[in-house]
Amino acid sequence: MLKAGQHAYKMTHEDDALRGAWAVMIAAYEGSSPKTAIPAPADGQVASQREAVAWQSLNVNDTVKVKLTDLGREVHKAYWEPFSAGRYLPPKVDPDGFSDFQLWDLMATFGHKIRMGMDVPFETNIRVKVHSPTDQSSDVSGLVEALSELTAIVRGECPRLLDEDSGGYAELSMKIDEALAQAQQVKP
């Protein structure tokens with residue numbers, strides 16, 4: 001039987017980062033603040049690794065890919081079979097062994113089975129679609145083209161909208177011209 005302040009896991013590591021992480025987890029479990037601060041990154045390798053991190057936004061409606069385990073297939077069937085009117089269909093599997101889920105669906109279906117130390121319903125590496133810079137540049141060039149066309153239409157059909165002497169917004173006209181000029185310089 002553990003006494004107050006004792007923990008089932010006795011740390012034998014001297015690794016400060018691990019000790020700090022355990023202190024935070026134990027403090028969260030006990031509802032207190034950690035007594036051991038998480039150390040700041042050391043100079044050199046750790047700091048440079050942290051600087052290289054870039055965050056990618058992910059919406060709960062985005063599609064992710066996971067490799068289901070046998071447990072995952074059982075959990076999926078148990079979760080969805082009652083809603084299938086006797087026509088349960090398991091998730092499709094691509095040639096690499098991955099199944100697609102919207103993130104919210106993955107969390108709803110398997111979240112109750114994801115705990116530290118338990119068998120997992122899917123392999124722990126999740127694939128997320130990340131848009132490459134080439135995808136973004138084609139989006140930007142499409143927007144620049146649309147802005148250019150819209151500006152030409154406004155200046156031809158409703159020039160007063162951008163003419164300050166006629167009550168229009170001349171500052172917007174100048175901003176559009178600057179943006180289009182910059183886009184033309186960047187264009188390959």
# chains A, B, ... in the order shown; residues from 1 in each chain; ligands from 1
>>> residues_around(residues="range 171-187 of chain A", least_positions_apart="6", cutoff="12 Å", atoms="only C-alpha atoms", output="list of chain:residue names")
A:Ser137, A:Ser138, A:Val140, A:Ser141, A:Gly142, A:Leu143, A:Val144, A:Glu145, A:Ala146, A:Leu147, A:Ser148, A:Glu149, A:Leu150, A:Thr151, A:Ala152, A:Val154, A:Arg155, A:Pro159, A:Arg160, A:Leu161, A:Leu162, A:Asp163, A:Glu164, A:Asp165
>>> write_last_selection(atoms="N, CA and C atoms", output="compact mmCIF listing (two decimals), in the first residue's frame")
# COMPACT_ATOMS: atom_id res chain seq x y z
N SER A 137 1.66 28.08 -53.08
CA SER A 137 1.99 29.05 -54.12
C SER A 137 0.96 29.02 -55.24
N SER A 138 0.41 27.85 -55.55
CA SER A 138 -0.63 27.80 -56.58
C SER A 138 -1.90 28.46 -56.07
N VAL A 140 -1.93 30.99 -53.93
CA VAL A 140 -1.64 32.42 -53.95
C VAL A 140 -1.72 32.96 -55.37
N SER A 141 -1.18 32.24 -56.34
CA SER A 141 -1.23 32.74 -57.71
C SER A 141 -2.67 32.82 -58.20
N GLY A 142 -3.51 31.89 -57.77
CA GLY A 142 -4.93 31.96 -58.12
C GLY A 142 -5.60 33.17 -57.51
N LEU A 143 -5.25 33.49 -56.27
CA LEU A 143 -5.81 34.67 -55.60
C LEU A 143 -5.33 35.95 -56.27
N VAL A 144 -4.07 36.01 -56.65
CA VAL A 144 -3.53 37.19 -57.32
C VAL A 144 -4.23 37.40 -58.65
N GLU A 145 -4.43 36.32 -59.39
CA GLU A 145 -5.12 36.42 -60.68
C GLU A 145 -6.56 36.91 -60.49
N ALA A 146 -7.24 36.38 -59.47
CA ALA A 146 -8.62 36.81 -59.20
C ALA A 146 -8.67 38.27 -58.79
N LEU A 147 -7.74 38.70 -57.95
CA LEU A 147 -7.70 40.11 -57.54
C LEU A 147 -7.44 41.02 -58.73
N SER A 148 -6.55 40.60 -59.60
CA SER A 148 -6.24 41.39 -60.79
C SER A 148 -7.47 41.54 -61.69
N GLU A 149 -8.19 40.44 -61.89
CA GLU A 149 -9.41 40.49 -62.72
C GLU A 149 -10.48 41.35 -62.06
N LEU A 150 -10.68 41.19 -60.76
CA LEU A 150 -11.69 41.96 -60.04
C LEU A 150 -11.37 43.45 -60.10
N THR A 151 -10.11 43.79 -59.92
CA THR A 151 -9.69 45.19 -59.98
C THR A 151 -9.95 45.77 -61.36
N ALA A 152 -9.65 45.02 -62.42
CA ALA A 152 -9.90 45.48 -63.78
C ALA A 152 -11.39 45.72 -64.02
N VAL A 154 -13.72 46.38 -61.66
CA VAL A 154 -14.15 47.54 -60.86
C VAL A 154 -13.71 48.84 -61.53
N ARG A 155 -12.47 48.89 -61.97
CA ARG A 155 -11.96 50.12 -62.60
C ARG A 155 -12.67 50.40 -63.93
N PRO A 159 -15.55 52.80 -61.66
CA PRO A 159 -14.31 53.46 -61.24
C PRO A 159 -14.48 54.35 -60.01
N ARG A 160 -15.68 54.81 -59.76
CA ARG A 160 -15.90 55.70 -58.60
C ARG A 160 -15.62 55.00 -57.27
N LEU A 161 -15.73 53.66 -57.24
CA LEU A 161 -15.49 52.93 -56.00
C LEU A 161 -14.06 53.12 -55.48
N LEU A 162 -13.13 53.35 -56.40
CA LEU A 162 -11.73 53.49 -56.01
C LEU A 162 -11.19 54.90 -56.26
N ASP A 163 -12.08 55.82 -56.57
CA ASP A 163 -11.68 57.20 -56.87
C ASP A 163 -12.10 58.10 -55.71
N GLU A 164 -11.11 58.66 -55.03
CA GLU A 164 -11.37 59.49 -53.86
C GLU A 164 -12.20 60.73 -54.21
N ASP A 165 -11.97 61.32 -55.39
CA ASP A 165 -12.72 62.51 -55.80
C ASP A 165 -14.21 62.22 -55.98
